[in-house]
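Structure file coords-v8.cif with mmCIF, C-alpha atoms:
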data_final
loop_
_atom_site.group_PDB
_atom_site.id
_atom_site.type_symbol
_atom_site.label_atom_id
_atom_site.label_comp_id
_atom_site.auth_asym_id
_atom_site.auth_seq_id
_atom_site.Cartn_x
_atom_site.Cartn_y
_atom_site.Cartn_z
ATOM 1 C CA MET A 1 63.342 9.228 9.098
ATOM 2 C CA SER A 2 63.863 6.115 11.154
ATOM 3 C CA ILE A 3 62.464 5.703 14.659
ATOM 4 C CA GLN A 4 66.021 5.693 16.032
ATOM 5 C CA ASN A 5 66.838 9.006 14.291
ATOM 6 C CA ARG A 6 63.618 10.563 15.570
ATOM 7 C CA ARG A 7 64.363 9.441 19.132
ATOM 8 C CA GLU A 8 67.904 10.837 18.940
ATOM 9 C CA ARG A 9 66.580 14.147 17.613
ATOM 10 C CA GLU A 10 63.929 14.323 20.349
ATOM 11 C CA ARG A 11 66.541 13.500 22.988
ATOM 12 C CA ALA A 12 68.833 16.264 21.694
ATOM 13 C CA GLU A 13 65.908 18.701 21.676
ATOM 14 C CA ARG A 14 65.015 17.820 25.296
ATOM 15 C CA GLU A 15 68.640 18.221 26.324
ATOM 16 C CA GLN A 16 68.779 21.648 24.682
ATOM 17 C CA LEU A 17 65.493 22.575 26.377
ATOM 18 C CA ILE A 18 67.013 21.718 29.764
ATOM 19 C CA VAL A 19 70.170 23.731 29.076
ATOM 20 C CA THR A 20 68.206 26.722 27.780
ATOM 21 C CA ALA A 21 65.868 26.663 30.776
ATOM 22 C CA ALA A 22 68.846 26.490 33.156
ATOM 23 C CA ARG A 23 70.516 29.446 31.443
ATOM 24 C CA GLU A 24 67.363 31.547 31.501
ATOM 25 C CA LEU A 25 66.615 30.744 35.121
ATOM 26 C CA ALA A 26 70.217 31.451 36.152
ATOM 27 C CA GLU A 27 70.238 34.776 34.301
ATOM 28 C CA THR A 28 67.004 35.938 35.923
ATOM 29 C CA GLU A 29 67.320 34.461 39.426
ATOM 30 C CA GLY A 30 70.905 33.227 39.815
ATOM 31 C CA TRP A 31 72.435 29.757 39.859
ATOM 32 C CA ASP A 32 71.176 29.062 43.389
ATOM 33 C CA SER A 33 67.648 28.997 41.939
ATOM 34 C CA VAL A 34 68.573 26.347 39.388
ATOM 35 C CA THR A 35 67.641 22.998 40.872
ATOM 36 C CA THR A 36 66.663 19.802 39.128
ATOM 37 C CA ARG A 37 63.197 20.047 40.687
ATOM 38 C CA ARG A 38 62.745 23.615 39.454
ATOM 39 C CA LEU A 39 64.068 22.768 35.989
ATOM 40 C CA ALA A 40 61.774 19.766 35.716
ATOM 41 C CA ALA A 41 58.823 22.035 36.503
ATOM 42 C CA GLU A 42 60.036 24.713 34.057
ATOM 43 C CA ILE A 43 60.375 22.309 31.126
ATOM 44 C CA GLU A 44 57.308 20.260 32.146
ATOM 45 C CA TYR A 45 59.123 16.947 32.329
ATOM 46 C CA SER A 46 59.665 14.726 35.351
ATOM 47 C CA GLN A 47 62.920 14.771 37.288
ATOM 48 C CA PRO A 48 63.763 11.238 36.068
ATOM 49 C CA VAL A 49 63.619 12.535 32.479
ATOM 50 C CA LEU A 50 65.981 15.325 33.446
ATOM 51 C CA TYR A 51 68.318 12.826 35.130
ATOM 52 C CA SER A 52 68.250 10.661 31.997
ATOM 53 C CA HIS A 53 70.073 13.558 30.286
ATOM 54 C CA PHE A 54 72.244 14.941 33.089
ATOM 55 C CA LYS A 55 73.599 13.543 36.356
ATOM 56 C CA GLY A 56 72.600 16.723 38.152
ATOM 57 C CA LYS A 57 72.986 20.470 38.329
ATOM 58 C CA ASP A 58 76.782 20.329 37.922
ATOM 59 C CA ALA A 59 76.461 18.450 34.640
ATOM 60 C CA ILE A 60 73.885 20.965 33.436
ATOM 61 C CA MET A 61 76.220 23.832 34.354
ATOM 62 C CA ALA A 62 79.023 22.100 32.427
ATOM 63 C CA ALA A 63 76.769 21.877 29.352
ATOM 64 C CA VAL A 64 75.903 25.556 29.763
ATOM 65 C CA ALA A 65 79.625 26.379 30.042
ATOM 66 C CA VAL A 66 80.432 24.508 26.830
ATOM 67 C CA GLN A 67 77.681 26.334 24.951
ATOM 68 C CA GLY A 68 78.793 29.644 26.414
ATOM 69 C CA CYS A 69 82.375 29.057 25.301
ATOM 70 C CA ALA A 70 81.153 28.325 21.775
ATOM 71 C CA GLU A 71 79.239 31.623 21.778
ATOM 72 C CA LEU A 72 82.206 33.495 23.226
ATOM 73 C CA ALA A 73 84.537 32.009 20.600
ATOM 74 C CA THR A 74 82.200 33.187 17.843
ATOM 75 C CA GLU A 75 82.055 36.726 19.252
ATOM 76 C CA LEU A 76 85.835 36.863 19.787
ATOM 77 C CA ARG A 77 86.517 35.593 16.244
ATOM 78 C CA ALA A 78 84.216 38.229 14.750
ATOM 79 C CA ALA A 79 85.904 40.989 16.755
ATOM 80 C CA ARG A 80 89.437 39.784 16.013
ATOM 81 C CA THR A 81 88.931 39.293 12.276
ATOM 82 C CA ALA A 82 87.166 42.647 11.833
ATOM 83 C CA ALA A 83 90.118 44.504 13.349
ATOM 84 C CA ARG A 84 92.998 46.003 11.380
ATOM 85 C CA GLY A 85 96.364 45.285 12.882
ATOM 86 C CA ALA A 86 97.588 43.434 15.946
ATOM 87 C CA GLY A 87 96.910 46.179 18.490
ATOM 88 C CA GLU A 88 93.392 46.773 17.250
ATOM 89 C CA ALA A 89 92.685 43.020 17.271
ATOM 90 C CA LEU A 90 93.926 42.709 20.836
ATOM 91 C CA ALA A 91 91.772 45.670 21.912
ATOM 92 C CA ALA A 92 88.728 44.269 20.106
ATOM 93 C CA VAL A 93 89.152 40.879 21.769
ATOM 94 C CA ALA A 94 89.578 42.520 25.184
ATOM 95 C CA GLU A 95 86.460 44.649 24.777
ATOM 96 C CA THR A 96 84.420 41.737 23.428
ATOM 97 C CA TYR A 97 85.515 39.423 26.236
ATOM 98 C CA THR A 98 84.773 41.895 29.026
ATOM 99 C CA SER A 99 81.491 42.916 27.426
ATOM 100 C CA PHE A 100 80.430 39.264 27.200
ATOM 101 C CA GLY A 101 81.171 38.701 30.888
ATOM 102 C CA ARG A 102 79.320 41.817 31.955
ATOM 103 C CA ARG A 103 76.307 41.242 29.672
ATOM 104 C CA ARG A 104 75.808 37.597 30.607
ATOM 105 C CA PRO A 105 76.858 37.216 34.228
ATOM 106 C CA ALA A 106 75.267 33.830 34.984
ATOM 107 C CA LEU A 107 76.582 32.311 31.770
ATOM 108 C CA TYR A 108 80.031 33.740 32.480
ATOM 109 C CA ASP A 109 79.934 32.303 35.999
ATOM 110 C CA ALA A 110 79.137 28.827 34.666
ATOM 111 C CA MET A 111 82.017 29.160 32.200
ATOM 112 C CA PHE A 112 84.730 30.648 34.404
ATOM 113 C CA THR A 113 83.719 31.124 38.030
ATOM 114 C CA TYR A 114 81.942 28.057 39.363
ATOM 115 C CA LEU A 115 83.676 24.732 39.604
ATOM 116 C CA VAL A 116 82.310 22.539 36.821
ATOM 117 C CA ASP A 117 83.355 19.088 35.751
ATOM 118 C CA LEU A 118 85.222 20.116 32.609
ATOM 119 C CA PRO A 119 88.896 19.829 31.800
ATOM 120 C CA PHE A 120 90.427 23.240 31.136
ATOM 121 C CA ALA A 121 93.867 23.925 29.659
ATOM 122 C CA THR A 122 94.351 20.347 28.509
ATOM 123 C CA PRO A 123 94.015 18.597 25.158
ATOM 124 C CA GLU A 124 90.945 16.848 26.628
ATOM 125 C CA ALA A 125 89.068 20.139 26.974
ATOM 126 C CA PRO A 126 85.930 20.254 24.807
ATOM 127 C CA GLU A 127 86.463 21.968 21.467
ATOM 128 C CA PRO A 128 84.374 25.076 22.344
ATOM 129 C CA LEU A 129 86.652 25.752 25.347
ATOM 130 C CA GLN A 130 89.709 25.340 23.149
ATOM 131 C CA ALA A 131 88.163 27.560 20.465
ATOM 132 C CA ALA A 132 87.519 30.418 22.907
ATOM 133 C CA PHE A 133 91.082 30.235 24.223
ATOM 134 C CA ARG A 134 92.440 29.954 20.668
ATOM 135 C CA GLU A 135 90.706 33.208 19.691
ATOM 136 C CA ILE A 136 92.441 35.020 22.534
ATOM 137 C CA LEU A 137 95.734 33.326 21.605
ATOM 138 C CA LEU A 138 95.384 34.448 17.979
ATOM 139 C CA ALA A 139 95.051 38.040 19.192
ATOM 140 C CA VAL A 140 97.971 37.772 21.633
ATOM 141 C CA GLU A 141 100.483 35.858 19.456
ATOM 142 C CA PRO A 142 101.256 38.763 17.106
ATOM 143 C CA ILE A 143 102.294 41.000 20.014
ATOM 144 C CA ALA A 144 104.460 38.366 21.732
ATOM 145 C CA MET A 145 108.119 39.305 21.976
ATOM 146 C CA THR A 146 110.977 36.993 21.140
ATOM 147 C CA GLY A 147 111.337 34.482 23.934
ATOM 148 C CA ASP A 148 107.745 34.874 25.174
ATOM 149 C CA ASP A 149 105.696 31.722 25.491
ATOM 150 C CA PRO A 150 102.532 32.708 23.568
ATOM 151 C CA GLY A 151 100.396 30.287 25.603
ATOM 152 C CA LEU A 152 101.541 31.708 28.937
ATOM 153 C CA LEU A 153 101.227 35.254 27.641
ATOM 154 C CA THR A 154 97.674 34.459 26.531
ATOM 155 C CA GLU A 155 96.847 32.964 29.925
ATOM 156 C CA THR A 156 98.169 36.124 31.582
ATOM 157 C CA PHE A 157 96.117 38.369 29.289
ATOM 158 C CA TRP A 158 93.026 36.224 29.862
ATOM 159 C CA ALA A 159 93.591 36.374 33.636
ATOM 160 C CA ALA A 160 93.728 40.171 33.444
ATOM 161 C CA LEU A 161 90.463 40.278 31.485
ATOM 162 C CA HIS A 162 88.813 37.841 33.887
ATOM 163 C CA GLY A 163 89.973 39.944 36.823
ATOM 164 C CA LEU A 164 88.485 43.080 35.301
ATOM 165 C CA VAL A 165 85.144 41.375 34.667
ATOM 166 C CA THR A 166 85.012 39.832 38.133
ATOM 167 C CA LEU A 167 86.088 42.941 40.018
ATOM 168 C CA MET A 168 83.682 45.219 38.156
ATOM 169 C CA ARG A 169 80.741 42.845 38.569
ATOM 170 C CA SER A 170 81.394 42.582 42.307
ATOM 171 C CA GLY A 171 81.547 46.377 42.634
ATOM 172 C CA ARG A 172 85.205 46.374 43.666
ATOM 173 C CA LEU A 173 86.189 48.391 40.591
ATOM 174 C CA PRO A 174 84.012 51.287 39.420
ATOM 175 C CA GLU A 175 82.416 50.865 36.006
ATOM 176 C CA GLY A 176 83.508 54.353 34.999
ATOM 177 C CA GLY A 177 87.162 53.401 34.605
ATOM 178 C CA HIS A 178 86.600 50.343 32.415
ATOM 179 C CA GLU A 179 87.603 51.831 29.071
ATOM 180 C CA GLU A 180 90.736 53.404 30.553
ATOM 181 C CA ARG A 181 91.709 50.122 32.219
ATOM 182 C CA LEU A 182 91.372 48.313 28.896
ATOM 183 C CA ARG A 183 93.410 51.027 27.169
ATOM 184 C CA LEU A 184 96.170 50.672 29.773
ATOM 185 C CA LEU A 185 96.155 46.885 29.509
ATOM 186 C CA ILE A 186 96.404 46.952 25.716
ATOM 187 C CA ALA A 187 99.086 49.668 25.803
ATOM 188 C CA HIS A 188 101.265 47.642 28.168
ATOM 189 C CA PHE A 189 100.746 44.419 26.250
ATOM 190 C CA THR A 190 101.616 46.013 22.929
ATOM 191 C CA THR A 191 104.524 48.220 24.030
ATOM 192 C CA PRO A 192 107.899 46.494 23.706
#
Hey, can you dump this file as structure tokens for me?
Amino acid sequence: MSIQNRRERERAEREQLIVTAARELAETEGWDSVTTRRLAAEIEYSQPVLYSHFKGKDAIMAAVAVQGCAELATELRAARTAARGAGEALAAVAETYTSFGRRRPALYDAMFTYLVDLPFATPEAPEPLQAAFREILLAVEPIAMTGDDPGLLTETFWAALHGLVTLMRSGRLPEGGHEERLRLLIAHFTTP
């Protein structure tokens, strides 16, 4: 292995260490606790080393969001492809999405709540963001009616799922009605 290859590998490993430390700290103490000073201490590197990888906390959150979208896309794909039929696939994607948001609140916030410097809903969006949206689209497309714009229908479905996650996490919707809410959402999306 050349010196250049080793340096690139070490740089990628340090970058991943920073992102992992940020995720873990955010999940245990919240994003307000994630500072460059705290991360530098956690990973045992100086702040200048951290800044050689990321411009600051916002850039770290963007990297976390990209990784989270890749993980979400994988979970959504597994749920969608294991289902039999369009309605079951839509329900599986809905349950997987809401479960992901509830299980990993800080990661979900970096992906979809906090303002991060990532292009969404454009061709310039990083592939993991596009992949996560595509998995929802692939579940929604089969239930689209003639004349429906599948992209807009998918955005509407996604917005409903995001609303459920956000409202339950904030205590504005009781947890006890979650399954019934999902059933109602799927029923109304799949009923012509």
Note to self: Quick one: residues within 9 Å of range 161-173 of chain A, only C-alpha atoms, excluding same-chain residues fewer than 6 positions away - as a list in words?
What the structure shows: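 The residues that qualify are Ala94, Glu95, Tyr97, Thr98, Ser99, Gly101, Arg102, Pro105, Phe112, Thr113, Arg181, Leu182 and Leu185 of chain A.
Evaluated on this file, the PyMOL selection byres ((chain A and resi 143) around 8) matches Ala86, Gly87, Ala139, Val140, Glu141, Pro142, Ala144, Met145, Phe189 and Thr190 of chain A.
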What does the PyMOL selection byres ((chain A and resi 70-82) around 10) select in this file, as an NGL selection string?
:A and (64-69 or 83-86 or 88-97 or 100-101 or 108 or 111 or 126-136 or 138-139)
With C-alpha atoms retained, export the selected residues as an mmCIF file, in the frame of the given file.
data_model
loop_
_atom_site.group_PDB
_atom_site.id
_atom_site.type_symbol
_atom_site.label_atom_id
_atom_site.label_comp_id
_atom_site.auth_asym_id
_atom_site.auth_seq_id
_atom_site.Cartn_x
_atom_site.Cartn_y
_atom_site.Cartn_z
ATOM 1 C CA VAL A 64 75.903 25.556 29.763
ATOM 2 C CA ALA A 65 79.625 26.379 30.042
ATOM 3 C CA VAL A 66 80.432 24.508 26.830
ATOM 4 C CA GLN A 67 77.681 26.334 24.951
ATOM 5 C CA GLY A 68 78.793 29.644 26.414
ATOM 6 C CA CYS A 69 82.375 29.057 25.301
ATOM 7 C CA ALA A 83 90.118 44.504 13.349
ATOM 8 C CA ARG A 84 92.998 46.003 11.380
ATOM 9 C CA GLY A 85 96.364 45.285 12.882
ATOM 10 C CA ALA A 86 97.588 43.434 15.946
ATOM 11 C CA GLU A 88 93.392 46.773 17.250
ATOM 12 C CA ALA A 89 92.685 43.020 17.271
ATOM 13 C CA LEU A 90 93.926 42.709 20.836
ATOM 14 C CA ALA A 91 91.772 45.670 21.912
ATOM 15 C CA ALA A 92 88.728 44.269 20.106
ATOM 16 C CA VAL A 93 89.152 40.879 21.769
ATOM 17 C CA ALA A 94 89.578 42.520 25.184
ATOM 18 C CA GLU A 95 86.460 44.649 24.777
ATOM 19 C CA THR A 96 84.420 41.737 23.428
ATOM 20 C CA TYR A 97 85.515 39.423 26.236
ATOM 21 C CA PHE A 100 80.430 39.264 27.200
ATOM 22 C CA GLY A 101 81.171 38.701 30.888
ATOM 23 C CA TYR A 108 80.031 33.740 32.480
ATOM 24 C CA MET A 111 82.017 29.160 32.200
ATOM 25 C CA PRO A 126 85.930 20.254 24.807
ATOM 26 C CA GLU A 127 86.463 21.968 21.467
ATOM 27 C CA PRO A 128 84.374 25.076 22.344
ATOM 28 C CA LEU A 129 86.652 25.752 25.347
ATOM 29 C CA GLN A 130 89.709 25.340 23.149
ATOM 30 C CA ALA A 131 88.163 27.560 20.465
ATOM 31 C CA ALA A 132 87.519 30.418 22.907
ATOM 32 C CA PHE A 133 91.082 30.235 24.223
ATOM 33 C CA ARG A 134 92.440 29.954 20.668
ATOM 34 C CA GLU A 135 90.706 33.208 19.691
ATOM 35 C CA ILE A 136 92.441 35.020 22.534
ATOM 36 C CA LEU A 138 95.384 34.448 17.979
ATOM 37 C CA ALA A 139 95.051 38.040 19.192
#
Tell me, in Å to one decimal, how far CA of Leu137 in chain A is from CA of Ala125 in chain A.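 That distance, rounded to one decimal, is 15.7 Å.
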* **Residue members of the PyMOL selection byres ((chain A and resi 61) around 10) in the file shown, as a list in words** =>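 That selection, the PyMOL selection byres ((chain A and resi 61) around 10), comes back as Val19, Ala22, Arg23, Ala26, Trp31, Val34, Phe54, Gly56, Lys57, Asp58, Ala59, Ile60, Ala62, Ala63, Val64, Ala65, Val66, Gln67, Leu107, Asp109, Ala110, Met111, Tyr114, Leu115, Val116, Asp117 and Leu118 of chain A.
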Checklist line | Between CA of Glu175 in chain A and CA of Ala106 in chain A - distance in Å to one decimal | finding: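 Pair CA of Ala106 in chain A / CA of Glu175 in chain A returns 18.5 Å.
Take CA of Glu8 in chain A and CA of Leu39 in chain A: the distance between them is 21.2 Å.
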